[in-house]
$ cat input02.cif   # mmCIF, C-alpha atoms
data_my_file
#
loop_
_atom_site.label_atom_id
_atom_site.label_comp_id
_atom_site.auth_asym_id
_atom_site.auth_seq_id
_atom_site.Cartn_x
_atom_site.Cartn_y
_atom_site.Cartn_z
CA MET Z 1 -26.43 175.40 82.43
CA GLY Z 2 -29.47 177.58 82.92
CA ARG Z 3 -32.37 176.88 85.24
CA LYS Z 4 -34.71 174.16 83.98
CA LEU Z 5 -38.01 175.79 82.95
CA TRP Z 6 -40.19 172.66 83.01
CA HIS Z 7 -40.08 169.64 85.31
CA ARG Z 8 -41.82 166.66 83.75
CA VAL Z 9 -42.82 163.15 84.81
CA ARG Z 10 -42.09 160.29 82.43
CA VAL Z 11 -45.44 158.76 81.45
CA PRO Z 12 -45.47 155.50 79.45
CA ASP Z 13 -47.94 155.14 76.59
CA ASP Z 14 -49.24 151.96 78.20
CA LEU Z 15 -49.93 152.60 81.89
CA THR Z 16 -50.28 148.91 82.75
CA ALA Z 17 -46.72 148.71 84.08
CA VAL Z 18 -47.30 151.53 86.60
CA VAL Z 19 -50.89 150.79 87.66
CA ARG Z 20 -51.67 148.69 90.72
CA ILE Z 21 -55.20 147.58 91.69
CA ASP Z 22 -56.14 146.02 95.03
CA ARG Z 23 -58.68 143.60 93.61
CA GLU Z 24 -59.22 141.89 96.96
CA ALA Z 25 -60.39 145.17 98.47
CA GLU Z 26 -62.57 146.40 95.61
CA VAL Z 27 -66.18 145.20 95.51
CA ASP Z 28 -68.53 144.96 92.56
CA PRO Z 29 -69.61 148.62 92.22
CA ARG Z 30 -73.21 147.52 91.73
CA LEU Z 31 -73.25 146.61 95.43
CA ALA Z 32 -72.64 150.31 96.13
CA GLY Z 33 -75.25 151.67 93.74
CA MET Z 34 -72.81 152.30 90.89
CA SER Z 35 -72.11 150.73 87.54
CA VAL Z 36 -68.93 148.99 86.45
CA GLU Z 37 -68.71 151.52 83.61
CA GLY Z 38 -69.03 154.37 86.10
CA ARG Z 39 -66.19 153.09 88.24
CA GLU Z 40 -63.94 152.70 85.21
CA ALA Z 41 -64.87 156.20 83.99
CA ILE Z 42 -63.72 157.60 87.34
CA TRP Z 43 -60.48 155.62 87.10
CA SER Z 44 -59.97 156.82 83.53
CA SER Z 45 -60.18 160.41 84.81
CA VAL Z 46 -57.45 159.62 87.36
CA GLU Z 47 -55.29 158.11 84.63
CA HIS Z 48 -55.90 161.25 82.57
CA LEU Z 49 -54.67 163.29 85.54
CA PHE Z 50 -51.52 161.16 85.63
CA ARG Z 51 -50.98 161.58 81.88
CA GLY Z 52 -50.65 165.31 82.46
CA ALA Z 53 -47.03 164.51 83.51
CA ILE Z 54 -47.42 166.54 86.70
CA HIS Z 55 -47.79 163.80 89.36
CA PRO Z 56 -45.07 161.16 89.80
CA ALA Z 57 -47.54 159.12 91.86
CA ILE Z 58 -51.28 159.09 92.56
CA THR Z 59 -53.24 156.79 94.84
CA VAL Z 60 -57.01 156.87 95.33
CA VAL Z 61 -59.57 155.10 97.49
CA LEU Z 62 -63.28 155.71 96.99
CA ARG Z 63 -65.91 154.25 99.29
CA ARG Z 64 -69.61 154.42 98.50
CA ARG Z 65 -72.27 153.17 100.89
CA GLY Z 66 -69.34 152.03 103.00
CA GLN Z 67 -67.98 149.74 100.28
CA VAL Z 68 -64.54 150.09 98.69
CA VAL Z 69 -65.27 150.67 95.01
CA LEU Z 70 -61.84 151.97 93.99
CA LYS Z 71 -58.47 151.22 95.56
CA ARG Z 72 -55.76 151.87 92.99
CA SER Z 73 -52.50 153.66 92.32
CA VAL Z 74 -50.63 154.85 89.26
CA GLY Z 75 -47.05 156.06 89.02
CA CYS Z 76 -43.83 155.53 90.92
CA VAL Z 77 -42.42 156.08 94.38
CA ARG Z 78 -39.22 157.16 92.64
CA GLY Z 79 -37.45 156.91 89.32
CA ASN Z 80 -39.95 158.44 86.88
CA LEU Z 81 -38.95 162.09 86.79
CA ALA Z 82 -37.37 163.18 83.53
CA ASP Z 83 -33.90 163.56 85.04
CA ASP Z 84 -33.99 160.43 87.27
CA ASP Z 85 -31.38 157.79 86.52
CA GLU Z 86 -32.50 155.16 89.05
CA VAL Z 87 -34.72 152.18 88.31
CA PRO Z 88 -38.40 153.14 88.74
CA VAL Z 89 -40.15 151.77 91.84
CA VAL Z 90 -43.88 151.44 91.22
CA MET Z 91 -46.33 152.99 93.68
CA ARG Z 92 -48.80 150.70 95.47
CA PRO Z 93 -52.31 151.57 96.69
CA ASP Z 94 -51.26 151.35 100.35
CA SER Z 95 -48.13 153.49 100.05
CA PRO Z 96 -47.92 156.28 102.66
CA VAL Z 97 -48.17 159.82 101.27
CA SER Z 98 -47.85 163.22 102.93
CA LEU Z 99 -51.26 164.82 103.44
CA PHE Z 100 -49.81 168.32 103.85
CA SER Z 101 -52.65 170.66 104.90
CA ALA Z 102 -55.20 167.86 104.83
CA SER Z 103 -53.47 166.94 108.11
CA LYS Z 104 -55.48 169.77 109.69
CA ALA Z 105 -58.72 167.81 109.46
CA ILE Z 106 -57.21 164.80 111.23
CA SER Z 107 -55.43 166.85 113.90
CA ALA Z 108 -58.74 168.63 114.55
CA LEU Z 109 -60.23 165.25 115.50
CA LEU Z 110 -57.97 165.22 118.56
CA VAL Z 111 -59.72 168.39 119.72
CA HIS Z 112 -63.13 166.88 118.96
CA LYS Z 113 -62.19 163.78 120.94
CA LEU Z 114 -61.44 166.01 123.94
CA VAL Z 115 -64.84 167.63 123.43
CA ASP Z 116 -66.37 164.16 123.26
CA ASP Z 117 -64.72 163.25 126.55
CA GLY Z 118 -65.93 166.44 128.26
CA VAL Z 119 -62.40 167.82 128.71
CA LEU Z 120 -63.04 171.03 126.78
CA SER Z 121 -65.62 172.87 124.67
CA LEU Z 122 -65.18 174.40 121.24
CA ASP Z 123 -66.48 177.63 122.72
CA ASP Z 124 -63.77 177.73 125.37
CA ARG Z 125 -61.16 180.41 124.77
CA VAL Z 126 -57.70 179.36 123.69
CA VAL Z 127 -56.27 181.25 126.69
CA ASP Z 128 -58.14 178.92 129.02
CA TYR Z 129 -55.45 176.38 128.09
CA VAL Z 130 -52.62 178.52 126.69
CA PRO Z 131 -52.75 181.77 128.73
CA GLU Z 132 -49.84 183.41 126.93
CA PHE Z 133 -51.82 183.33 123.66
CA GLY Z 134 -53.83 186.29 124.94
CA ALA Z 135 -51.23 188.90 123.94
CA HIS Z 136 -52.51 191.80 121.80
CA GLY Z 137 -56.16 191.00 122.39
CA LYS Z 138 -56.07 187.39 121.24
CA ASP Z 139 -57.71 186.35 124.50
CA ARG Z 140 -61.02 186.61 122.61
CA VAL Z 141 -60.18 183.76 120.22
CA THR Z 142 -62.18 180.59 120.86
CA ILE Z 143 -61.12 177.08 119.96
CA ARG Z 144 -63.93 177.05 117.43
CA GLY Z 145 -62.56 180.21 115.81
CA LEU Z 146 -59.03 178.84 115.87
CA LEU Z 147 -60.12 175.71 113.98
CA ALA Z 148 -62.06 177.83 111.47
CA HIS Z 149 -59.15 180.12 110.51
CA ARG Z 150 -60.37 183.14 112.48
CA ALA Z 151 -57.50 183.46 114.95
CA GLY Z 152 -55.98 186.46 113.16
CA ILE Z 153 -52.49 184.94 112.79
CA PRO Z 154 -52.40 183.38 109.30
CA ASP Z 155 -48.68 184.10 109.08
CA VAL Z 156 -45.87 185.22 111.35
CA PRO Z 157 -43.20 187.13 109.38
CA GLU Z 158 -40.40 186.47 111.84
CA LEU Z 159 -40.92 182.71 111.79
CA ASP Z 160 -37.69 181.02 110.67
CA PRO Z 161 -38.48 179.26 107.35
CA ARG Z 162 -35.69 176.66 107.66
CA PRO Z 163 -37.00 173.10 108.15
CA GLU Z 164 -34.85 172.69 111.28
CA MET Z 165 -37.15 175.18 112.98
CA LEU Z 166 -39.84 172.51 113.07
CA HIS Z 167 -37.93 170.76 115.87
CA ASP Z 168 -38.23 173.83 118.12
CA TRP Z 169 -41.87 173.51 119.17
CA ASP Z 170 -41.61 175.84 122.17
CA ARG Z 171 -40.06 178.63 120.11
CA ILE Z 172 -42.82 178.36 117.50
CA ILE Z 173 -45.50 178.51 120.19
CA ALA Z 174 -43.85 181.53 121.82
CA MET Z 175 -43.71 183.39 118.49
CA LEU Z 176 -47.35 182.66 117.69
CA CYS Z 177 -48.49 183.66 121.15
CA ALA Z 178 -46.60 186.96 120.88
CA ALA Z 179 -47.93 187.73 117.39
CA GLN Z 180 -50.21 190.69 116.81
CA PRO Z 181 -53.43 189.70 115.01
CA PHE Z 182 -54.25 191.31 111.67
CA ASP Z 183 -57.96 191.37 112.59
CA PRO Z 184 -58.68 192.61 116.13
CA ASP Z 185 -62.33 191.54 115.82
CA PHE Z 186 -61.51 187.96 114.77
CA GLY Z 187 -64.38 187.88 112.32
CA LYS Z 188 -62.41 187.81 109.09
CA GLN Z 189 -61.63 184.45 107.59
CA ALA Z 190 -57.98 183.97 106.61
CA TYR Z 191 -56.54 180.53 105.99
CA HIS Z 192 -53.81 179.65 108.51
CA ALA Z 193 -51.48 177.36 106.53
CA LEU Z 194 -49.37 176.18 109.49
CA SER Z 195 -49.70 178.67 112.32
CA ALA Z 196 -53.06 177.67 113.84
CA GLY Z 197 -52.09 174.01 113.80
CA PHE Z 198 -49.34 174.55 116.32
CA ILE Z 199 -51.70 176.37 118.68
CA VAL Z 200 -54.32 173.64 118.19
CA GLY Z 201 -51.63 171.13 119.09
CA GLU Z 202 -50.62 173.09 122.17
CA VAL Z 203 -54.23 173.24 123.36
CA VAL Z 204 -54.46 169.46 122.97
CA ARG Z 205 -51.14 168.92 124.78
CA ARG Z 206 -52.07 171.09 127.75
CA ALA Z 207 -55.67 169.90 128.03
CA SER Z 208 -54.70 166.22 127.84
CA GLY Z 209 -51.24 166.31 129.42
CA ARG Z 210 -50.00 164.07 126.60
CA GLU Z 211 -48.17 164.34 123.29
CA LEU Z 212 -49.92 164.44 119.92
CA PRO Z 213 -48.32 161.36 118.28
CA ALA Z 214 -49.45 159.11 121.13
CA LEU Z 215 -52.98 160.53 121.02
CA LEU Z 216 -53.24 160.19 117.25
CA ASP Z 217 -52.22 156.56 117.55
CA GLU Z 218 -54.43 155.74 120.53
CA TRP Z 219 -57.57 157.66 119.54
CA ILE Z 220 -57.57 157.34 115.75
CA ALA Z 221 -55.01 155.05 114.11
CA ARG Z 222 -55.25 151.93 116.26
CA PRO Z 223 -59.05 151.86 116.79
CA LEU Z 224 -59.64 152.33 113.05
CA LYS Z 225 -56.93 149.77 112.14
CA LEU Z 226 -55.03 152.28 110.02
CA ARG Z 227 -51.81 151.19 108.36
CA TYR Z 228 -49.88 154.46 108.92
CA THR Z 229 -51.41 157.84 109.94
CA THR Z 230 -48.52 159.32 111.88
CA TYR Z 231 -46.91 162.71 112.22
CA GLY Z 232 -43.94 162.40 109.91
CA LEU Z 233 -42.71 158.95 108.95
CA LYS Z 234 -40.36 156.54 110.71
CA PRO Z 235 -36.97 156.10 109.00
CA GLU Z 236 -37.61 152.42 108.34
CA LEU Z 237 -40.77 153.27 106.35
CA ARG Z 238 -39.51 156.16 104.28
CA HIS Z 239 -38.51 154.02 101.33
CA LEU Z 240 -42.24 153.28 100.87
CA ALA Z 241 -43.24 156.94 100.52
CA PRO Z 242 -42.95 158.81 97.23
CA THR Z 243 -40.82 161.92 97.18
CA ASN Z 244 -42.71 165.18 96.70
CA ALA Z 245 -41.57 166.81 93.46
CA MET Z 246 -41.88 170.28 91.98
CA THR Z 247 -43.25 169.69 88.50
CA GLY Z 248 -44.54 171.65 85.55
CA PRO Z 249 -43.22 175.11 84.72
CA HIS Z 250 -40.78 176.74 87.08
CA PRO Z 251 -42.86 179.01 89.36
CA PHE Z 252 -43.25 182.54 88.03
CA TRP Z 253 -44.87 185.78 89.14
CA PRO Z 254 -47.67 186.18 90.22
CA VAL Z 255 -47.77 182.49 91.23
CA THR Z 256 -44.60 182.91 93.32
CA THR Z 257 -46.10 185.85 95.21
CA TYR Z 258 -49.37 184.01 95.84
CA VAL Z 259 -47.70 180.86 97.17
CA LYS Z 260 -45.43 182.83 99.50
CA HIS Z 261 -48.52 184.73 100.69
CA VAL Z 262 -50.26 181.44 101.55
CA VAL Z 263 -47.48 179.30 103.03
CA GLY Z 264 -44.93 181.95 104.05
CA VAL Z 265 -42.02 180.57 101.99
CA PRO Z 266 -41.24 180.35 98.26
CA PHE Z 267 -42.85 177.47 96.34
CA ASP Z 268 -39.60 175.59 95.66
CA ALA Z 269 -38.48 176.01 99.27
CA ALA Z 270 -41.76 174.52 100.50
CA VAL Z 271 -41.32 171.48 98.25
CA ARG Z 272 -37.71 170.95 99.37
CA ALA Z 273 -38.72 171.28 103.01
CA SER Z 274 -41.37 168.57 102.58
CA ASN Z 275 -38.63 166.03 101.80
CA ASP Z 276 -36.32 167.20 104.59
CA GLU Z 277 -35.41 165.09 107.60
CA ALA Z 278 -36.87 167.76 109.91
CA PHE Z 279 -40.27 167.57 108.20
CA LEU Z 280 -40.25 163.78 108.31
CA SER Z 281 -39.26 163.52 111.98
CA SER Z 282 -41.15 166.39 113.66
CA VAL Z 283 -44.77 167.09 114.60
CA VAL Z 284 -46.50 169.61 112.32
CA PRO Z 285 -50.21 169.34 113.21
CA ALA Z 286 -51.32 171.30 110.15
CA GLY Z 287 -48.97 169.77 107.65
CA ASN Z 288 -47.04 166.50 108.04
CA ILE Z 289 -49.33 163.55 108.68
CA TYR Z 290 -48.43 160.59 106.49
CA ALA Z 291 -51.17 158.11 105.65
CA SER Z 292 -52.33 155.74 102.95
CA ALA Z 293 -55.35 156.66 100.86
CA ASP Z 294 -57.26 153.83 102.55
CA ASP Z 295 -56.35 155.21 105.98
CA VAL Z 296 -57.81 158.59 105.07
CA SER Z 297 -60.90 157.14 103.44
CA ARG Z 298 -61.57 155.09 106.59
CA ILE Z 299 -61.33 158.21 108.74
CA PHE Z 300 -63.82 160.08 106.56
CA GLN Z 301 -66.08 157.03 106.40
CA MET Z 302 -66.09 157.01 110.20
CA LEU Z 303 -67.22 160.64 110.19
CA LEU Z 304 -69.81 159.89 107.50
CA ASN Z 305 -71.16 157.14 109.78
CA GLY Z 306 -71.58 159.60 112.63
CA GLY Z 307 -68.36 158.69 114.45
CA GLU Z 308 -68.29 154.89 114.11
CA LEU Z 309 -66.63 152.36 111.81
CA ASP Z 310 -66.75 148.56 111.85
CA GLY Z 311 -68.43 148.57 115.25
CA VAL Z 312 -65.82 150.84 116.85
CA ARG Z 313 -67.04 154.23 118.03
CA ILE Z 314 -64.53 157.09 117.88
CA LEU Z 315 -66.85 160.09 118.40
CA ARG Z 316 -70.48 160.62 119.36
CA PRO Z 317 -72.82 161.62 116.50
CA GLU Z 318 -73.47 165.03 118.06
CA THR Z 319 -69.73 165.70 118.25
CA VAL Z 320 -69.35 164.90 114.56
CA ALA Z 321 -72.34 167.08 113.70
CA ASP Z 322 -70.75 170.05 115.48
CA ALA Z 323 -67.36 169.36 113.89
CA ILE Z 324 -68.78 169.67 110.35
CA ARG Z 325 -71.30 172.45 111.07
CA PRO Z 326 -70.54 175.60 109.01
CA ILE Z 327 -69.35 178.71 110.81
CA GLY Z 328 -71.27 181.39 108.96
CA GLY Z 329 -71.71 181.41 105.21
CA VAL Z 330 -69.30 181.74 102.35
CA GLN Z 331 -66.61 184.36 102.99
CA PHE Z 332 -63.82 185.69 100.81
CA ASP Z 333 -60.76 184.13 102.39
CA ARG Z 334 -58.09 186.79 103.03
CA THR Z 335 -55.23 184.33 102.50
CA LEU Z 336 -56.38 182.02 99.70
CA LEU Z 337 -58.20 184.88 97.95
CA VAL Z 338 -61.18 182.70 97.05
CA PRO Z 339 -64.67 182.29 98.56
CA LEU Z 340 -64.77 179.40 101.05
CA ARG Z 341 -66.77 177.98 103.93
CA TYR Z 342 -65.23 176.36 106.99
CA SER Z 343 -66.40 174.32 109.95
CA PRO Z 344 -64.21 173.76 113.03
CA GLY Z 345 -61.50 171.78 111.26
CA PHE Z 346 -62.86 171.21 107.77
CA MET Z 347 -63.19 172.96 104.44
CA LEU Z 348 -66.75 172.69 103.15
CA GLY Z 349 -68.17 172.12 99.69
CA GLN Z 350 -70.49 174.50 97.89
CA ASN Z 351 -73.35 174.62 95.40
CA PRO Z 352 -73.51 174.71 92.43
CA ALA Z 353 -69.81 173.76 92.59
CA GLY Z 354 -67.00 173.89 95.09
CA LEU Z 355 -63.73 172.41 96.24
CA PHE Z 356 -65.14 168.87 96.15
CA GLY Z 357 -66.85 169.12 92.78
CA PRO Z 358 -70.31 169.91 91.42
CA ARG Z 359 -73.24 170.07 93.85
CA SER Z 360 -70.99 169.50 96.84
CA GLY Z 361 -72.82 171.66 99.38
CA ASP Z 362 -72.99 168.84 101.96
CA ALA Z 363 -69.37 167.74 101.55
CA PHE Z 364 -66.63 168.29 104.11
CA GLY Z 365 -62.92 167.57 103.91
CA HIS Z 366 -59.62 169.29 103.20
CA LEU Z 367 -57.15 170.29 100.52
CA GLY Z 368 -53.41 169.65 100.86
CA PHE Z 369 -50.62 171.53 99.02
CA VAL Z 370 -52.34 172.28 95.71
CA SER Z 371 -54.02 168.98 94.86
CA VAL Z 372 -54.23 166.42 97.68
CA LEU Z 373 -57.97 166.07 98.33
CA CYS Z 374 -59.74 164.15 101.10
CA TRP Z 375 -63.48 164.43 101.71
CA ALA Z 376 -66.83 162.87 102.52
CA ASP Z 377 -70.17 163.76 100.94
CA PRO Z 378 -73.24 162.64 102.90
CA SER Z 379 -75.56 163.37 99.97
CA ARG Z 380 -73.68 160.79 97.89
CA ASP Z 381 -72.76 158.46 100.79
CA LEU Z 382 -69.18 158.85 99.64
CA SER Z 383 -65.73 159.07 101.21
CA VAL Z 384 -62.69 159.74 99.03
CA ALA Z 385 -58.93 160.12 99.41
CA LEU Z 386 -57.06 161.33 96.34
CA LEU Z 387 -53.38 161.56 97.27
CA ASN Z 388 -50.65 162.70 94.90
CA THR Z 389 -47.08 163.94 94.93
CA GLY Z 390 -46.60 166.49 92.17
CA LYS Z 391 -46.39 170.07 93.43
CA SER Z 392 -47.20 172.38 90.57
CA MET Z 393 -49.14 175.46 89.55
CA ALA Z 394 -49.45 174.28 85.94
CA PRO Z 395 -52.97 174.93 84.55
CA THR Z 396 -53.32 171.24 83.68
CA ILE Z 397 -53.26 170.29 87.37
CA LEU Z 398 -56.47 172.27 87.87
CA THR Z 399 -58.32 171.27 84.71
CA ARG Z 400 -57.56 167.56 85.10
CA MET Z 401 -58.44 167.57 88.81
CA ILE Z 402 -61.78 169.13 87.90
CA GLY Z 403 -62.21 166.25 85.47
CA VAL Z 404 -61.78 163.74 88.30
CA LEU Z 405 -64.27 165.59 90.51
CA ARG Z 406 -66.82 165.81 87.71
CA ALA Z 407 -66.48 162.09 86.99
CA ILE Z 408 -67.04 161.21 90.66
CA ALA Z 409 -70.09 163.46 90.84
CA ALA Z 410 -71.52 162.05 87.61
CA HIS Z 411 -71.13 158.40 88.57
CA CYS Z 412 -71.94 158.73 92.28
CA PRO Z 413 -75.26 160.59 92.04
CA GLN Z 414 -76.78 162.30 95.02
CA GLN Z 415 -79.18 160.11 96.94
CA ARG Z 416 -81.21 162.96 98.32
CA ALA Z 417 -81.83 166.56 97.40
#

$ encode --input "input02.cif" --output "structure tokens"
Amino acid sequence: MGRKLWHRVRVPDDLTAVVRIDREAEVDPRLAGMSVEGREAIWSSVEHLFRGAIHPAITVVLRRRGQVVLKRSVGCVRGNLADDDEVPVVMRPDSPVSLFSASKAISALLVHKLVDDGVLSLDDRVVDYVPEFGAHGKDRVTIRGLLAHRAGIPDVPELDPRPEMLHDWDRIIAMLCAAQPFDPDFGKQAYHALSAGFIVGEVVRRASGRELPALLDEWIARPLKLRYTTYGLKPELRHLAPTNAMTGPHPFWPVTTYVKHVVGVPFDAAVRASNDEAFLSSVVPAGNIYASADDVSRIFQMLLNGGELDGVRILRPETVADAIRPIGGVQFDRTLLVPLRYSPGFMLGQNPAGLFGPRSGDAFGHLGFVSVLCWADPSRDLSVALLNTGKSMAPTILTRMIGVLRAIAAHCPQQRA
């Protein structure tokens, strides 16, 4: 048999059987300055995204004015791909999902916590904590620049692409430290898909003397009462997490070239790796945090509140303000090949439209592997986690995601200019 040219999700005509709503969590949207019709219009746009037959599972949590307005899921953990022969298992709103590159924003909070505690400064040089990183002139890179994709090492050609490599932390660090930067002035913005995350993690390890999983749990997950939010996922929980699936048309040129340029491996290899034991059991600061949509929305609500949630303070307001402050203006990103703005750890929205929808100039958050989106928008008093599991470059994934973002913007109007 020849290679399958299209990978499709089975979508029932009536979505009732695969939709789950946490009605205990959701409040009357009028308490959050929205209408019931507006909330349902947003949910209809999510269902329309699911009907594109690209995502096996989608879960979304939307908070406005601190209130949970939407907490819903649609799709299946497994069993709804066209060639599946197992009984479908329906996704639930609190199912853990891989955040992929949206993990960067949460891992960055470990750095900001060290800033908050006076252990380091964003303007310290990376070599102050990892001296060997200074090879080939990289001694000039600051922690701020590292978090904002200006470390000059967006990819390392000799890095072994096999998932098993993720268990060899020291080898990865040695390779990245020895790498020659593509930009000796460290002023050019180039998205670091995985590379910078390991160096960020090493800075945190050496500055704190502790391991990242313990810090993530102690500083973020437990204080915020998060259900999951771990690097990888424990074996006993993996049955709860949907499998990541390559969907839509089989990748073709120039898409294949672009994806390899961004992540360093072919598209299908990246998807396979995301379901591998090594990915699920290692620490990948820029790529393998698992969390529920509610977990992520709570984290961004904490940031929206200036570092506090439910009476528990995680960061000082001034630390949060520095974490989301833009580094320069919009630049053409040398890796993603699109204009973007970054802060130390976050992708930023833009006006008149950007990554987080129309009129999103105040928004901050992160994208994960094509279409996972997590963000907060102070101008709308909004925190959102839109997690999904279909990995595709099909045009419909873009057009229908834009539909969701437009619906959110339309029904959560800005509260200030």

$ residues_around --input "input02.cif" --residues "region 357-367 of chain Z" --least-positions-apart "2" --cutoff "10 Å" --atoms "all atoms listed in the file" --output "PyMOL selection string"
chain Z and resi 99-106+300+303-304+323-326+341-343+345-355+369-386+401-410+413-414+417

$ closest_residue --input "input02.cif" --among "Z:Glu236, Z:Glu26, Z:Glu40, Z:Asp333" --to "His411 (chain Z)" --atoms "all atoms listed in the file"
Z:Glu40

$ closest_residue --input "input02.cif" --among "Z:Ile42, Z:Met246, Z:Leu109, Z:Ile289" --to "Thr389 (chain Z)" --atoms "all atoms listed in the file"
Z:Met246

$ resolve_selection --input "input02.cif" --expression "the PyMOL selection byres ((chain Z and resi 395) around 12)" --output "PyMOL selection string"
chain Z and resi 49+52+54+247-249+251+255+370-371+392-394+396-402

$ atom_distance --input "input02.cif" --atom1 "CA of Ser208 (chain Z)" --atom2 "CA of Pro223 (chain Z)"
18.6 Å

$ resolve_selection --input "input02.cif" --expression "the PyMOL selection byres ((chain Z and resi 118-121) around 12)" --output "number ranges by chain"
Z: 110-117, 122-126, 128-129, 142-145, 203-209, 315-316, 319, 322-323, 344

$ write_last_selection --input "input02.cif" --atoms "C-alpha atoms" --output "PDB file, in the coordinates of the input"
ATOM      1  CA  LEU Z 110     -57.970 165.220 118.560  1.00  0.00           C
ATOM      2  CA  VAL Z 111     -59.720 168.390 119.720  1.00  0.00           C
ATOM      3  CA  HIS Z 112     -63.130 166.880 118.960  1.00  0.00           C
ATOM      4  CA  LYS Z 113     -62.190 163.780 120.940  1.00  0.00           C
ATOM      5  CA  LEU Z 114     -61.440 166.010 123.940  1.00  0.00           C
ATOM      6  CA  VAL Z 115     -64.840 167.630 123.430  1.00  0.00           C
ATOM      7  CA  ASP Z 116     -66.370 164.160 123.260  1.00  0.00           C
ATOM      8  CA  ASP Z 117     -64.720 163.250 126.550  1.00  0.00           C
ATOM      9  CA  LEU Z 122     -65.180 174.400 121.240  1.00  0.00           C
ATOM     10  CA  ASP Z 123     -66.480 177.630 122.720  1.00  0.00           C
ATOM     11  CA  ASP Z 124     -63.770 177.730 125.370  1.00  0.00           C
ATOM     12  CA  ARG Z 125     -61.160 180.410 124.770  1.00  0.00           C
ATOM     13  CA  VAL Z 126     -57.700 179.360 123.690  1.00  0.00           C
ATOM     14  CA  ASP Z 128     -58.140 178.920 129.020  1.00  0.00           C
ATOM     15  CA  TYR Z 129     -55.450 176.380 128.090  1.00  0.00           C
ATOM     16  CA  THR Z 142     -62.180 180.590 120.860  1.00  0.00           C
ATOM     17  CA  ILE Z 143     -61.120 177.080 119.960  1.00  0.00           C
ATOM     18  CA  ARG Z 144     -63.930 177.050 117.430  1.00  0.00           C
ATOM     19  CA  GLY Z 145     -62.560 180.210 115.810  1.00  0.00           C
ATOM     20  CA  VAL Z 203     -54.230 173.240 123.360  1.00  0.00           C
ATOM     21  CA  VAL Z 204     -54.460 169.460 122.970  1.00  0.00           C
ATOM     22  CA  ARG Z 205     -51.140 168.920 124.780  1.00  0.00           C
ATOM     23  CA  ARG Z 206     -52.070 171.090 127.750  1.00  0.00           C
ATOM     24  CA  ALA Z 207     -55.670 169.900 128.030  1.00  0.00           C
ATOM     25  CA  SER Z 208     -54.700 166.220 127.840  1.00  0.00           C
ATOM     26  CA  GLY Z 209     -51.240 166.310 129.420  1.00  0.00           C
ATOM     27  CA  LEU Z 315     -66.850 160.090 118.400  1.00  0.00           C
ATOM     28  CA  ARG Z 316     -70.480 160.620 119.360  1.00  0.00           C
ATOM     29  CA  THR Z 319     -69.730 165.700 118.250  1.00  0.00           C
ATOM     30  CA  ASP Z 322     -70.750 170.050 115.480  1.00  0.00           C
ATOM     31  CA  ALA Z 323     -67.360 169.360 113.890  1.00  0.00           C
ATOM     32  CA  PRO Z 344     -64.210 173.760 113.030  1.00  0.00           C
TER      33      PRO Z 344
END

$ atom_distance --input "input02.cif" --atom1 "CA of His192 (chain Z)" --atom2 "CA of Gly368 (chain Z)"
12.6 Å

$ resolve_selection --input "input02.cif" --expression "the PyMOL selection byres ((chain Z and resi 270-274) around 9)" --output "ChimeraX atom specification"
/Z:98,100,161-163,243-246,263-269,275-280,288,391

$ closest_residue --input "input02.cif" --among "Z:Cys412, Z:Val330, Z:Ile172, Z:Val18" --to "Gly38 (chain Z)" --atoms "all atoms listed in the file"
Z:Cys412

$ atom_distance --input "input02.cif" --atom1 "CA of Val60 (chain Z)" --atom2 "CA of Arg23 (chain Z)"
13.5 Å

$ closest_residue --input "input02.cif" --among "Z:Ala321, Z:Val97, Z:Ile314, Z:Leu146" --to "Leu233 (chain Z)" --atoms "all atoms listed in the file"
Z:Val97

$ closest_residue --input "input02.cif" --among "Z:Ser297, Z:Ser73, Z:Thr256, Z:Asn80" --to "Thr16 (chain Z)" --atoms "all atoms listed in the file"
Z:Ser73

$ build_atoms --input "input02.cif" --residues "region 49-56 of chain Z" --atoms "N, CA and C atoms" --output "tab-separated table (two decimals), keeping the file's coordinate frame"
chain	number	residue	atom	x	y	z
Z	49	LEU	N	-55.42	162.39	84.66
Z	49	LEU	CA	-54.67	163.29	85.54
Z	49	LEU	C	-53.19	162.91	85.54
Z	50	PHE	N	-52.90	161.62	85.64
Z	50	PHE	CA	-51.52	161.16	85.63
Z	50	PHE	C	-50.84	161.46	84.29
Z	51	ARG	N	-51.56	161.33	83.20
Z	51	ARG	CA	-50.98	161.58	81.88
Z	51	ARG	C	-50.62	163.05	81.67
Z	52	GLY	N	-51.04	163.90	82.54
Z	52	GLY	CA	-50.65	165.31	82.46
Z	52	GLY	C	-49.19	165.53	82.80
Z	53	ALA	N	-48.47	164.46	83.22
Z	53	ALA	CA	-47.03	164.51	83.51
Z	53	ALA	C	-46.68	165.48	84.63
Z	54	ILE	N	-47.62	165.65	85.55
Z	54	ILE	CA	-47.42	166.54	86.70
Z	54	ILE	C	-47.20	165.74	87.99
Z	55	HIS	N	-47.87	164.59	88.13
Z	55	HIS	CA	-47.79	163.80	89.36
Z	55	HIS	C	-46.94	162.55	89.15
Z	56	PRO	N	-45.82	162.42	89.86
Z	56	PRO	CA	-45.07	161.16	89.80
Z	56	PRO	C	-45.88	159.98	90.31
